[in-house]
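Student: Handing you a structure now.
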Amino acid sequence: MTGSMLKRTVVVSLAALILVALRRQALLLDRSLPQWTGDNVDAEGHHLSQSSVSSLFRQTTSAEPARRKWAYAFVVGGCSKHKPEYRGFIWNIAVAAQVLQETGSQADVVALIQMSARTNETALPEDESKLLEALNVKIEYIPKFSSMVHEVFYTLMLEKFRILQMTQYSRVIFMDGDVMPLCSLDYLFELSEPESGEPLLKDNIVISYSNQPAHGGFFMLHPQESDYEEIQKIIKTTEEKALSLPPFEHWDEVEGWGHIIEPPDRWMSSMSKFTSTNWSWHGVHADQGLLYHWTKYVKQSVSLIINYQVQNWGSENGTAVMEKAFINYRPSDPINIASCHTSKNAPYTDFRHFTGRGKPWQQNSTQYITSNVEPSQNREEVTKTFDQLVSSLNGEMRSNGKEFDGKKLLSTLMQMVPPQGKEAKTPAHAEKGNNLSYSDQSYVKWFNALDKAQRISGVNVTFPRYFGRNFARGPPVGTYPKFKERIRHIRWKVENGWNPYSVKAETTP
């Protein structure tokens, strides 16, 4: 064989090998396409921009959502430079994203942002967007209200149900803007939608609270096509009826959101003494009542977690029935064993809700206060150290070279006797010694996570004023908070054709 023939044979052989390899790769790609869950490639393998990916999601939502694509969602409303109090909630979302990522969560984190009716701004300031995006938080803007009449507690609570529009996900855990996950809660997704076998939990999860059967600050829903439109019809029907009811409550405690609860069915709260067949709990006319009605009586598919008891509700002949119930008390019980904590009360112990004025970004007192004795000189010194440490999270302090020291904050809190929180007031706590309460541990975790978020993003936040240690709760809220604002909002909607928004969203989250 001549040299030229040999050379030609080698070239042909190499070309054949390359062709086989390329064909094999194409076959593998083709087989992988049905399981596509959002990688930045289209059906032909072309790379897509982020906006194209969002568009592709929305084009494919006419069918059932792709299995096992999950998200955590937050809603922040009233965003405006004229009222900067919302910024604390933005920081908390960054904290939540940081905690979820470092504890192994595989789900997306989505921030649904509603700009205030009082501003012409259409987006968050650049530094706030940068903070969230650096932590892989997906920012989606929802329509702003046409008037400040609508920008009230009641309406923002109902904006939570926009997660039903997120049909690109098969499960979405909603958390209030002042809720911090203490670890990954992906196990709830997994127990509801396992890769194989029967799910332990339903596709919707609602947990009870102290005196109500539904906690509006933490729940999981299964978004499906047309769900959001359906729930808007329920809201409209209930609001129309409200205008004909007595002027104080404007609420029907028997029919609620459209279902009369009849024995043996009854709602149950975390405190067993709070139970009834009437729609009469805190937040019943807003998110917490609608959530219970939607999951149990409309979708008829929900796991109700009531402290240690789990009830799985389904449907029989068009009626909501309890299919199965089990106890989740021991550490080896189903939900607890999946939890990231060795506790007996998951998922309650896996997140912290900073209610009232107990939010980490709202501390503004420099004196550690106890109920029985005056603070000692030593305690005042410790408190001063605490304040200085927490203030080092502030952008102005960081720019002057003062770094946050989480370990020093932890040791400083340990010197505060007794620690803050309910545990400090029990004899059992005194026997355990100087241990941090659950409340204190959550604050330390929040401060540490915010410090990491700032380092990752390169954004230094600026707190409204000096931080301090006064974890006082806000004033109690009645059963029907701000009912006058609710009715004013409803009447305005009636006069304006039931559209409270200045413009309809061109895209949905």
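Identifiers for the structure tokens are assigned positionally: chains receive A, B, ... in sequence, residues are indexed from 1 per chain, and ligands are indexed from 1 in the order shown.
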Using DSSP on the backbone coordinates, identify the residues of segment 227-365 of chain A assigned to strand (DSSP E or B); present them as a list in words.

Tutor: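 Matching residues for strand (DSSP E or B) in segment 227-365 of chain A are Trp267, Met268, Thr275, Ser276, Val302, Ser303, Leu304, Ile305, Ile306, Gln309, Val310, Gln311, Asn312, Trp313, Gly314, Ser315, Glu316, Thr319, Ala320, Val321, Met322, Glu323, Lys324, Ala325, Phe326, Ile327, Phe351, Arg352 and His353 of chain A.
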
Student: Between A:Leu191, A:Cys183, A:Ala71, A:Ile456, which one has atoms that come closest to Ser170 of chain A, using only C-alpha atoms?

Tutor: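 Nearest to Ser170 of chain A: A:Ala71.
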
Student: Which neighbours of Thr122 of chain A fall inside 12 Å, counting only C-alpha atoms, when residues of the same chain fewer than 6 positions from it are skipped, and could you give them as a JSON list (two decimals) with N, CA and C atoms, in the first residue's frame?

Tutor:
[["chain", "number", "residue", "atom", "x", "y", "z"],
["A", 78, "GLY", "N", -45.75, 46.82, 47.71],
["A", 78, "GLY", "CA", -45.57, 48.19, 48.17],
["A", 78, "GLY", "C", -44.15, 48.69, 48.04],
["A", 79, "CYS", "N", -43.39, 48.20, 47.06],
["A", 79, "CYS", "CA", -41.98, 48.59, 46.92],
["A", 79, "CYS", "C", -41.85, 49.99, 46.34],
["A", 80, "SER", "N", -41.20, 50.87, 47.05],
["A", 80, "SER", "CA", -41.04, 52.25, 46.61],
["A", 80, "SER", "C", -39.95, 52.93, 47.43],
["A", 81, "LYS", "N", -39.19, 53.79, 46.79],
["A", 81, "LYS", "CA", -38.16, 54.53, 47.51],
["A", 81, "LYS", "C", -38.77, 55.50, 48.52],
["A", 113, "ILE", "N", -42.34, 40.44, 42.98],
["A", 113, "ILE", "CA", -42.22, 41.82, 43.45],
["A", 113, "ILE", "C", -43.35, 42.66, 42.87],
["A", 114, "GLN", "N", -44.01, 43.40, 43.75],
["A", 114, "GLN", "CA", -45.06, 44.33, 43.31],
["A", 114, "GLN", "C", -44.64, 45.75, 43.69],
["A", 115, "MET", "N", -44.41, 46.58, 42.69],
["A", 115, "MET", "CA", -44.05, 47.97, 42.96],
["A", 115, "MET", "C", -45.27, 48.72, 43.48],
["A", 116, "SER", "N", -45.02, 49.76, 44.25],
["A", 116, "SER", "CA", -46.10, 50.49, 44.89],
["A", 116, "SER", "C", -46.87, 51.35, 43.89],
["A", 140, "GLU", "N", -39.50, 38.15, 39.58],
["A", 140, "GLU", "CA", -40.64, 38.31, 38.67],
["A", 140, "GLU", "C", -41.49, 39.48, 39.18],
["A", 141, "TYR", "N", -41.90, 40.36, 38.31],
["A", 141, "TYR", "CA", -42.72, 41.51, 38.71],
["A", 141, "TYR", "C", -44.18, 41.22, 38.42],
["A", 142, "ILE", "N", -45.01, 41.46, 39.42],
["A", 142, "ILE", "CA", -46.45, 41.29, 39.27],
["A", 142, "ILE", "C", -47.10, 42.67, 39.16],
["A", 143, "PRO", "N", -48.29, 42.77, 38.57],
["A", 143, "PRO", "CA", -48.90, 44.09, 38.31],
["A", 143, "PRO", "C", -49.07, 44.91, 39.59],
["A", 144, "LYS", "N", -48.81, 46.20, 39.49],
["A", 144, "LYS", "CA", -49.04, 47.09, 40.63],
["A", 144, "LYS", "C", -50.51, 47.51, 40.66],
["A", 503, "VAL", "N", -52.37, 48.22, 35.07],
["A", 503, "VAL", "CA", -52.16, 47.55, 33.79],
["A", 503, "VAL", "C", -52.17, 46.04, 34.04]]

Student: Which of segment 140-329 of chain A counts as helix (DSSP H, G or I) under DSSP, as a count of residues only please?

Tutor: 48

Student: Have a look at A:Ser392, A:Thr155, A:Ile260, A:His222 and name the one nearest to Arg67 of chain A; count only C-alpha atoms.

Tutor: A:His222
